[in-house]
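Data block for work35.txt (compact mmCIF, C-alpha atoms):
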```txt
# COMPACT_ATOMS: atom_id res chain seq x y z
CA MET A 1268 72.24 177.07 70.04
CA GLU A 1269 69.84 175.11 67.90
CA SER A 1270 66.30 176.41 67.62
CA GLY A 1271 63.28 174.38 68.64
CA SER A 1272 62.41 173.59 65.02
CA GLU A 1273 65.92 172.36 64.32
CA LEU A 1274 65.81 170.06 67.34
CA GLU A 1275 62.45 168.71 66.25
CA ALA A 1276 63.77 168.07 62.75
CA GLU A 1277 66.83 166.26 64.11
CA THR A 1278 64.67 164.14 66.42
CA ARG A 1279 62.34 163.28 63.56
CA ARG A 1280 65.29 162.32 61.37
CA LYS A 1281 66.67 160.00 64.03
CA MET A 1282 63.29 158.41 64.59
CA GLU A 1283 62.90 157.76 60.87
CA ALA A 1284 66.39 156.24 60.72
CA LEU A 1285 65.57 154.01 63.70
CA GLU A 1286 62.35 152.84 62.05
CA VAL A 1287 64.31 151.91 58.93
CA LEU A 1288 66.80 149.87 60.96
CA GLN A 1289 63.98 148.20 62.91
CA GLY A 1290 62.32 147.25 59.65
CA VAL A 1291 65.53 145.72 58.32
CA VAL A 1292 66.07 143.63 61.45
CA LYS A 1293 62.43 142.53 61.40
CA ARG A 1294 62.86 141.20 57.86
CA LEU A 1295 65.81 139.10 59.06
CA GLN A 1296 63.57 137.20 61.47
CA PRO A 1297 61.90 133.91 60.42
CA ARG A 1298 58.22 133.99 59.46
CA ASP A 1299 55.54 131.51 58.39
CA ASP A 1300 55.72 132.48 54.73
CA VAL A 1301 56.81 130.36 51.77
CA GLU A 1302 60.43 129.17 52.09
CA ASN A 1303 61.63 130.71 48.84
CA GLU A 1304 60.01 134.04 49.68
CA GLN A 1305 61.51 133.93 53.17
CA ASP A 1306 65.01 133.26 51.81
CA LEU A 1307 64.71 136.13 49.34
CA ARG A 1308 63.41 138.47 52.03
CA LYS A 1309 66.26 137.63 54.43
CA MET A 1310 68.89 137.95 51.70
CA GLU A 1311 67.64 141.40 50.73
CA ALA A 1312 67.57 142.41 54.39
CA ALA A 1313 71.19 141.22 54.79
CA LYS A 1314 72.19 143.35 51.80
CA ASP A 1315 70.49 146.32 53.47
CA VAL A 1316 72.45 145.68 56.66
CA ARG A 1317 75.65 145.62 54.64
CA ARG A 1318 74.76 148.92 52.96
CA LEU A 1319 73.58 150.71 56.11
CA ALA A 1320 76.53 149.58 58.24
CA LYS A 1321 79.20 150.30 55.64
CA GLU A 1322 80.06 153.84 56.73
CA ASP A 1323 77.72 154.56 59.63
CA THR A 1324 79.10 153.73 63.07
CA GLU A 1325 75.79 154.54 64.78
CA ALA A 1326 73.93 152.21 62.44
CA ARG A 1327 76.35 149.38 63.32
CA GLU A 1328 75.69 149.84 67.02
CA THR A 1329 71.93 150.17 66.61
CA LEU A 1330 71.56 147.17 64.28
CA ALA A 1331 73.49 144.99 66.71
CA MET A 1332 71.43 146.29 69.63
CA LEU A 1333 68.22 145.51 67.73
CA GLY A 1334 69.33 141.89 67.30
CA ALA A 1335 70.64 141.72 63.73
CA ILE A 1336 73.65 139.53 64.46
CA PRO A 1337 72.09 136.16 65.50
CA PRO A 1338 69.86 135.80 62.42
CA LEU A 1339 72.71 136.81 60.14
CA VAL A 1340 74.93 134.13 61.69
CA GLY A 1341 72.10 131.63 61.32
CA MET A 1342 71.90 132.42 57.58
CA LEU A 1343 75.37 130.90 57.15
CA ASP A 1344 73.69 127.49 57.52
CA SER A 1345 71.65 128.13 54.38
CA ALA A 1346 72.29 125.94 51.33
CA ASP A 1347 72.08 129.03 49.09
CA VAL A 1348 75.50 130.51 48.31
CA ASN A 1349 73.99 133.93 47.64
CA ILE A 1350 72.39 134.02 51.08
CA GLN A 1351 75.66 132.92 52.69
CA GLU A 1352 77.60 135.65 50.89
CA ALA A 1353 75.07 138.37 51.77
CA SER A 1354 75.24 137.34 55.42
CA LEU A 1355 79.05 137.30 55.47
CA TYR A 1356 79.40 140.82 54.10
CA ALA A 1357 76.70 142.14 56.43
CA LEU A 1358 78.56 140.65 59.42
CA LEU A 1359 81.84 142.02 58.09
CA ASN A 1360 80.51 145.60 58.00
CA LEU A 1361 78.86 145.28 61.39
CA GLY A 1362 82.23 144.41 62.94
CA VAL A 1363 84.26 147.21 61.36
CA GLY A 1364 85.70 149.37 64.14
CA ASN A 1365 83.35 147.91 66.75
CA ASP A 1366 84.86 145.46 69.25
CA LYS A 1367 81.51 144.76 70.93
CA ASN A 1368 80.07 143.63 67.62
CA LYS A 1369 83.15 141.51 66.88
CA ALA A 1370 82.70 139.76 70.21
CA ALA A 1371 78.96 139.33 69.64
CA ILE A 1372 79.52 137.85 66.17
CA ALA A 1373 81.95 135.26 67.56
CA GLU A 1374 79.68 134.48 70.52
CA ALA A 1375 76.77 133.90 68.14
CA GLY A 1376 78.73 131.07 66.49
CA ALA A 1377 79.99 132.74 63.32
CA VAL A 1378 83.45 131.16 63.58
CA HIS A 1379 82.00 127.66 63.86
CA ASN A 1380 79.60 128.26 60.95
CA MET A 1381 82.36 129.65 58.72
CA VAL A 1382 84.57 126.65 59.47
CA LYS A 1383 81.71 124.38 58.42
CA LEU A 1384 81.51 126.31 55.14
CA ILE A 1385 85.22 125.97 54.35
CA GLN A 1386 85.01 122.23 54.90
CA THR A 1387 82.68 121.87 51.92
CA THR A 1388 84.28 120.33 48.83
CA SER A 1389 83.37 123.10 46.38
CA LEU A 1390 83.68 126.51 48.04
CA PRO A 1391 83.13 129.34 45.50
CA LEU A 1392 85.96 131.85 45.25
CA SER A 1393 83.75 134.79 46.19
CA LEU A 1394 82.58 133.00 49.34
CA SER A 1395 86.12 132.01 50.27
CA GLU A 1396 87.28 135.62 50.05
CA ALA A 1397 84.35 136.80 52.19
CA ILE A 1398 85.23 134.24 54.86
CA VAL A 1399 88.89 135.32 54.85
CA ALA A 1400 87.83 138.95 55.27
CA ASN A 1401 85.63 138.01 58.23
CA PHE A 1402 88.41 136.05 59.91
CA LEU A 1403 90.67 139.07 59.45
CA GLY A 1404 88.15 141.38 61.10
CA LEU A 1405 87.30 139.05 63.97
CA SER A 1406 90.96 138.17 64.66
CA ALA A 1407 91.72 141.80 65.48
CA LEU A 1408 89.96 141.29 68.84
CA ASP A 1409 92.18 139.56 71.41
CA ALA A 1410 89.30 137.58 72.88
CA ASN A 1411 88.56 136.06 69.48
CA LYS A 1412 92.12 134.93 68.72
CA PRO A 1413 92.02 131.64 70.72
CA VAL A 1414 88.51 130.87 69.43
CA ILE A 1415 89.57 131.21 65.80
CA GLY A 1416 92.88 129.46 66.38
CA SER A 1417 91.32 126.37 67.92
CA SER A 1418 88.53 126.16 65.33
CA GLY A 1419 90.62 124.85 62.45
CA ALA A 1420 90.49 128.15 60.55
CA ILE A 1421 94.26 128.62 60.55
CA ARG A 1422 94.84 125.79 58.07
CA PHE A 1423 92.31 127.41 55.70
CA LEU A 1424 94.08 130.78 56.01
CA VAL A 1425 97.47 129.16 55.36
CA GLU A 1426 96.10 127.40 52.27
CA THR A 1427 94.71 130.72 51.01
CA PHE A 1428 98.09 132.39 51.49
CA ARG A 1429 99.98 129.47 49.99
CA ASN A 1430 97.90 129.01 46.84
CA PRO A 1431 97.68 132.26 44.81
CA ALA A 1432 95.77 130.49 42.04
CA ALA A 1433 92.90 129.81 44.45
CA SER A 1434 92.37 133.44 45.45
CA HIS A 1435 92.94 137.02 44.42
CA ALA A 1436 95.94 138.98 45.65
CA LEU A 1437 93.77 140.86 48.16
CA ALA A 1438 92.51 137.62 49.71
CA LYS A 1439 96.10 136.38 50.04
CA GLN A 1440 97.09 139.59 51.84
CA ASP A 1441 94.00 139.40 54.06
CA ALA A 1442 94.89 135.79 54.98
CA LEU A 1443 98.43 136.84 55.92
CA ARG A 1444 97.15 139.76 58.00
CA ALA A 1445 94.73 137.44 59.79
CA LEU A 1446 97.55 134.98 60.49
CA LEU A 1447 99.63 137.85 61.87
CA ASN A 1448 96.79 138.78 64.23
CA LEU A 1449 96.38 135.15 65.32
CA SER A 1450 100.12 134.62 65.84
CA ILE A 1451 100.09 137.24 68.60
CA ALA A 1452 98.37 134.65 70.83
CA ALA A 1453 101.03 132.10 71.83
CA GLU A 1454 98.46 129.30 72.01
CA ASN A 1455 97.91 129.67 68.27
CA VAL A 1456 101.55 129.15 67.29
CA PRO A 1457 101.35 125.31 67.41
CA HIS A 1458 98.36 125.47 65.03
CA ILE A 1459 100.34 127.75 62.70
CA VAL A 1460 103.32 125.41 62.79
CA ASP A 1461 101.15 122.33 62.21
CA ALA A 1462 99.60 124.01 59.18
CA GLY A 1463 103.08 124.32 57.66
CA LEU A 1464 103.21 128.11 57.44
CA VAL A 1465 106.84 128.57 58.55
CA PRO A 1466 108.47 127.09 55.41
CA ASP A 1467 106.10 129.19 53.28
CA ILE A 1468 107.13 132.31 55.18
CA VAL A 1469 110.82 131.56 54.74
CA ALA A 1470 110.35 130.89 51.02
CA ALA A 1471 108.38 134.13 50.52
CA VAL A 1472 110.60 136.49 52.52
CA GLY A 1473 112.17 137.79 49.32
CA ASP A 1474 108.85 139.30 48.21
CA MET A 1475 109.35 142.89 49.32
CA GLU A 1476 105.60 143.64 49.25
CA VAL A 1477 104.88 141.26 52.12
CA SER A 1478 108.30 140.70 53.72
CA ASP A 1479 107.71 143.07 56.63
CA ARG A 1480 104.47 141.31 57.59
CA LEU A 1481 106.01 137.87 57.04
CA LEU A 1482 108.88 138.69 59.37
CA SER A 1483 106.38 140.01 61.94
CA VAL A 1484 104.63 136.63 61.92
CA LEU A 1485 108.00 134.90 62.27
CA SER A 1486 108.87 137.15 65.21
CA ASN A 1487 105.75 135.92 67.01
CA VAL A 1488 106.31 132.30 66.02
CA VAL A 1489 109.83 132.07 67.51
CA SER A 1490 108.45 132.97 70.92
CA THR A 1491 107.62 129.28 71.39
CA VAL A 1492 109.70 126.09 71.33
CA GLU A 1493 107.56 124.69 68.49
CA GLY A 1494 108.07 127.84 66.46
CA ARG A 1495 111.84 127.87 66.87
CA ARG A 1496 112.00 124.20 65.94
CA ALA A 1497 110.00 124.88 62.78
CA VAL A 1498 112.32 127.73 61.79
CA ARG A 1499 115.35 125.55 62.49
CA LEU A 1500 114.01 122.76 60.30
CA SER A 1501 113.03 125.05 57.42
CA GLN A 1502 115.48 124.79 54.58
CA GLU A 1503 117.95 127.69 54.43
CA ALA A 1504 115.94 129.66 57.01
CA ILE A 1505 118.92 131.10 58.88
CA PRO A 1506 120.96 131.98 55.74
CA ILE A 1507 117.88 133.74 54.31
CA LEU A 1508 117.36 135.71 57.53
CA VAL A 1509 121.04 136.62 57.59
CA ASP A 1510 120.68 137.92 54.05
CA VAL A 1511 117.78 140.15 55.16
CA LEU A 1512 120.18 141.90 57.54
CA ARG A 1513 121.83 143.40 54.46
CA TRP A 1514 118.61 145.06 53.23
CA SER A 1515 119.72 148.59 54.03
CA ASP A 1516 116.71 150.02 52.19
CA SER A 1517 114.28 148.24 54.53
CA PRO A 1518 115.21 148.98 58.15
CA GLY A 1519 111.95 147.48 59.43
CA CYS A 1520 112.79 144.14 57.85
CA GLN A 1521 116.32 144.33 59.22
CA GLU A 1522 115.00 144.92 62.73
CA LYS A 1523 112.55 142.02 62.57
CA ALA A 1524 115.04 139.60 61.04
CA ALA A 1525 117.55 140.62 63.71
CA TYR A 1526 114.94 139.92 66.39
CA VAL A 1527 114.23 136.42 65.06
CA LEU A 1528 117.94 135.63 64.88
CA MET A 1529 118.50 137.14 68.34
CA VAL A 1530 115.88 134.85 69.90
CA MET A 1531 117.23 131.82 68.03
CA ALA A 1532 120.81 132.59 69.07
CA HIS A 1533 119.79 133.17 72.68
CA LYS A 1534 118.01 129.81 72.94
CA ALA A 1535 120.28 127.25 71.23
CA TYR A 1536 124.02 126.82 70.63
CA ASN A 1537 123.51 124.89 67.39
CA ASP A 1538 121.71 127.86 65.87
CA ARG A 1539 124.62 130.14 66.75
CA ALA A 1540 127.03 127.86 64.89
CA THR A 1541 124.71 127.81 61.86
CA MET A 1542 124.56 131.60 61.89
CA ILE A 1543 128.33 131.90 61.95
CA GLU A 1544 128.60 129.47 59.06
CA ALA A 1545 126.08 131.61 57.15
CA GLY A 1546 128.38 134.64 57.51
CA ILE A 1547 126.32 136.52 60.07
CA VAL A 1548 129.32 138.17 61.75
CA SER A 1549 130.03 140.54 58.88
CA SER A 1550 126.33 141.38 58.54
CA LEU A 1551 126.07 142.13 62.25
CA LEU A 1552 129.15 144.33 62.21
CA GLU A 1553 127.69 146.20 59.27
CA LEU A 1554 124.41 146.67 61.12
CA THR A 1555 126.20 148.09 64.15
CA LEU A 1556 127.68 150.74 61.87
CA PHE A 1557 124.87 151.52 59.45
CA GLY A 1558 121.65 150.07 60.88
CA SER A 1559 118.84 151.80 62.72
CA SER A 1560 119.16 152.28 66.46
CA LEU A 1561 117.00 149.23 67.18
CA ALA A 1562 118.82 147.10 64.61
CA GLN A 1563 122.15 148.11 66.15
CA LYS A 1564 121.00 147.04 69.61
CA ARG A 1565 119.76 143.70 68.36
CA ALA A 1566 122.92 143.10 66.33
CA SER A 1567 124.98 143.74 69.45
CA ARG A 1568 122.82 141.28 71.39
CA ILE A 1569 123.42 138.60 68.78
CA LEU A 1570 127.16 139.26 68.89
CA ASP A 1571 126.96 138.82 72.66
CA CYS A 1572 125.20 135.48 72.15
CA LEU A 1573 127.91 134.33 69.76
CA ARG A 1574 130.44 134.74 72.57
CA VAL A 1575 130.39 132.64 75.72
CA ASN A 1576 132.48 133.34 78.82
CA LYS A 1577 135.50 131.17 79.53
CA GLY A 1578 134.72 128.01 81.40
CA LYS A 1579 131.01 128.07 80.64
CA GLN A 1580 129.77 124.77 79.25
CA VAL A 1581 127.40 124.98 76.31
CA MET A 1582 125.60 121.81 75.32
CA GLU A 1583 124.88 121.46 71.63
CA GLY A 1584 121.19 121.03 71.00
CA SER A 1585 120.36 122.51 74.39
CA GLU A 1586 116.81 123.16 73.27
CA ALA A 1587 114.47 120.17 72.91
CA GLY A 1588 114.08 119.16 69.31
CA GLY A 1589 117.28 120.98 68.28
CA ALA A 1590 119.21 119.38 65.46
CA GLY A 1591 119.24 115.94 67.03
CA PHE A 1592 122.92 116.25 68.05
CA SER A 1593 123.91 114.22 71.09
CA GLY A 1594 127.65 114.77 71.17
CA PRO A 1595 129.85 116.07 73.99
CA ALA A 1596 129.68 119.44 75.63
CA VAL A 1597 131.51 122.29 73.95
CA SER A 1598 133.18 124.88 76.16
CA ALA A 1599 133.51 128.54 75.34
CA PRO A 1600 134.58 131.11 74.31
CA LEU A 1601 133.39 130.91 70.72
CA CYS A 1602 135.11 134.20 70.08
CA GLY A 1603 138.29 135.44 71.68
CA SER A 1604 138.41 137.83 74.60
CA ARG A 1605 141.93 139.25 74.24
CA GLN A 1606 142.46 142.27 71.99
CA GLU A 1607 145.71 143.60 70.58
CA GLU A 1608 146.29 147.06 69.19
CA GLY A 1609 145.67 147.18 65.45
CA GLY A 1610 143.31 144.19 65.30
CA LEU A 1611 141.76 141.22 67.08
CA GLU A 1612 143.65 138.22 68.41
CA TRP A 1613 141.95 135.01 69.50
CA ASP A 1614 142.91 133.21 72.73
CA ASP A 1615 144.22 129.66 72.53
CA GLU A 1616 143.28 127.10 75.16
CA ALA A 1617 144.85 123.80 75.96
CA GLY A 1618 142.76 120.91 74.78
CA ILE A 1619 140.44 123.06 72.70
CA SER A 1620 137.95 120.96 70.72
CA GLU A 1621 138.15 120.69 66.96
CA GLU A 1622 134.64 122.11 66.68
CA ARG A 1623 135.62 125.26 68.53
CA LYS A 1624 138.80 125.63 66.51
CA ALA A 1625 136.76 125.51 63.32
CA VAL A 1626 134.27 128.07 64.60
CA LYS A 1627 136.99 130.43 65.80
CA SER A 1628 138.84 130.14 62.51
CA LEU A 1629 135.64 130.90 60.63
CA VAL A 1630 134.88 133.96 62.74
CA GLN A 1631 138.45 135.25 62.42
CA GLN A 1632 138.39 134.85 58.67
CA SER A 1633 135.02 136.58 58.46
CA LEU A 1634 136.25 139.51 60.54
CA GLN A 1635 139.43 139.93 58.53
CA ASN A 1636 137.90 139.54 55.07
CA ASN A 1637 134.65 141.43 55.54
CA MET A 1638 135.73 144.41 57.64
CA ARG A 1639 137.56 145.67 54.52
CA ARG A 1640 134.27 145.65 52.61
CA ILE A 1641 132.50 147.49 55.43
CA VAL A 1642 135.28 150.09 55.55
CA ARG A 1643 134.99 150.65 51.82
CA ARG A 1644 131.22 151.13 52.08
CA ALA A 1645 131.76 153.70 54.83
CA ASN A 1646 134.35 155.51 52.66
CA LEU A 1647 136.93 155.20 55.43
CA PRO A 1648 140.71 155.01 54.87
CA GLN A 1649 142.01 151.52 54.13
CA ASP A 1650 144.28 151.60 57.19
CA PHE A 1651 141.24 152.17 59.41
CA ALA A 1652 141.67 150.69 62.89
CA PRO A 1653 138.76 149.44 65.03
CA SER A 1654 137.16 152.18 67.08
CA ASP A 1655 136.38 152.00 70.77
CA HIS A 1656 132.73 151.34 69.84
CA PHE A 1657 133.76 148.41 67.69
CA LYS A 1658 136.00 147.04 70.43
CA THR A 1659 133.15 147.06 72.92
CA LEU A 1660 131.29 144.66 70.64
CA THR A 1661 134.00 142.06 71.21
CA ALA A 1662 134.17 142.39 74.98
CA THR A 1663 133.55 139.21 76.96
CA SER A 1664 129.92 139.09 78.03
CA THR A 1665 126.91 136.89 77.59
CA SER A 1666 123.36 138.10 77.02
CA LYS A 1667 120.99 136.88 79.72
CA SER A 1668 117.85 138.63 78.54
CA LEU A 1669 116.25 140.00 75.41
CA PRO A 1670 114.93 143.47 76.19
CA PHE A 1671 114.88 144.75 72.64
```

How does this structure look as structure tokens?
Amino acid sequence: MESGSELEAETRRKMEALEVLQGVVKRLQPRDDVENEQDLRKMEAAKDVRRLAKEDTEARETLAMLGAIPPLVGMLDSADVNIQEASLYALLNLGVGNDKNKAAIAEAGAVHNMVKLIQTTSLPLSLSEAIVANFLGLSALDANKPVIGSSGAIRFLVETFRNPAASHALAKQDALRALLNLSIAAENVPHIVDAGLVPDIVAAVGDMEVSDRLLSVLSNVVSTVEGRRAVRLSQEAIPILVDVLRWSDSPGCQEKAAYVLMVMAHKAYNDRATMIEAGIVSSLLELTLFGSSLAQKRASRILDCLRVNKGKQVMEGSEAGGAGFSGPAVSAPLCGSRQEEGGLEWDDEAGISEERKAVKSLVQQSLQNNMRRIVRRANLPQDFAPSDHFKTLTATSTSKSLPF
């Protein structure tokens, strides 16, 4: 147990710390002094808030409780860049690890004030990076996601990610992380699509440093019709995602790419045909043999989607805004349902359409040519016959849900 003197010393220390924080907040408040002196006083007080809140969770709570947030947000309206920057970093530190402060900062109008700043014609690089960091911190709170998304900030974040010459590497990563946070809210996806992020994501997927996060954003984007349309219209999107399935050294990327393709295949027939043309069958079969447990499940789901039960009618372009195709219905199966010992044999149907013949021929060729490569990679004998597990992947069924 602590002695009486120790308790007194601790109480005295806390009282002194409280007086310091009260003094800092008092200096943030407007006074009737000369404008230049007032600006300097408030800027120095903001720097003190930044310093005191950097690593002290109690100081963050106390400063917010004492009323530090509203005057700091108000300082963003200043014409002095130095005052703006001091305020931004003070707000940033106040919000670290404190959801109540994040909510209070947004409620005080910080998002609106930051958007006004980014609309200026000549935004200094240091200020731009501070704003990106604040959007990243505030976007971590679910309640703030719709507020930021509807404010116009997403386009600024996309521009920061898109233009490496306009920001440092850290700011680019912060912008992407903020966009990932915002993409979790479905109502923000249309804003992300309108800002043109999807083609940038597809083009940058090959960058291994950010690919996992990029694919996470894409996984959220394809949850909406607008997002799937944007992916569909992005040049080479599906072939690039199919290629990611072969990244055996990055199982996380494989799983996310498989999820995106699984959702796309589940929603539209045209996308399934594009996947088959991109050679997805061999990649999926390889995943079912060598991928992680989750990647295997998703690969099997996609294979299910590439097969449709006999007699089921599948309209091309079934999803609004598909590929603009308005041709006749195409009946299934895309893949055969009859198996013969020693290999796969595709069913023939009277009156089968030319489109289906082409697809079936492509799948058959892919199976025959690429299974040899998979067998070699697995160091199996060349006369290897499909196992029972492999045969179950070609059973006739259609995925109705996406649980993985």

query = Taking all atoms listed in the file into account, which of A:Ala1420, A:Leu1464, A:Leu1403, A:Leu1358 comes nearest His1379 of chain A?
reply = A:Ala1420

task = Work out how far apart atom CA of Leu1446 of chain A and atom CA of Ala1313 of chain A are and give it in Å to one decimal.
result = 27.7 Å

task = Measure the distance from atom CA of Thr1555 of chain A to atom CA of Cys1520 of chain A in Å and round it to one decimal.
result =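 We find that atom CA of Thr1555 of chain A and atom CA of Cys1520 of chain A lie 15.3 Å from each other.
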
task = Have a look at atom CA of Arg1574 of chain A and atom CA of Arg1499 of chain A and let me know their distance in Å, one decimal.
result =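 Between atom CA of Arg1574 of chain A and atom CA of Arg1499 of chain A the gap works out to 20.3 Å.
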
task = Please identify all polymer residues within 7 Å of segment 1540-1544 of chain A, counting only C-alpha atoms, omitting same-chain residues fewer than 3 positions from it, and present them as a list in words.
result =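 Once the nearby chain positions are removed, what remains is Ile1505, Tyr1536, Asn1537, Ile1547, Val1548 and Val1630 of chain A.
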
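Minimum atom-to-atom distance to Leu1481 of chain A, evaluated using all atoms listed in the file, belongs to A:Ala1445 out of A:Ala1453, A:Leu1512, A:Ile1398, A:Ala1445.
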
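Nearest residue to Ala1326 of chain A among A:Leu1285, A:Leu1343, A:Val1509, A:Met1529 is A:Leu1285, counting only C-alpha atoms.
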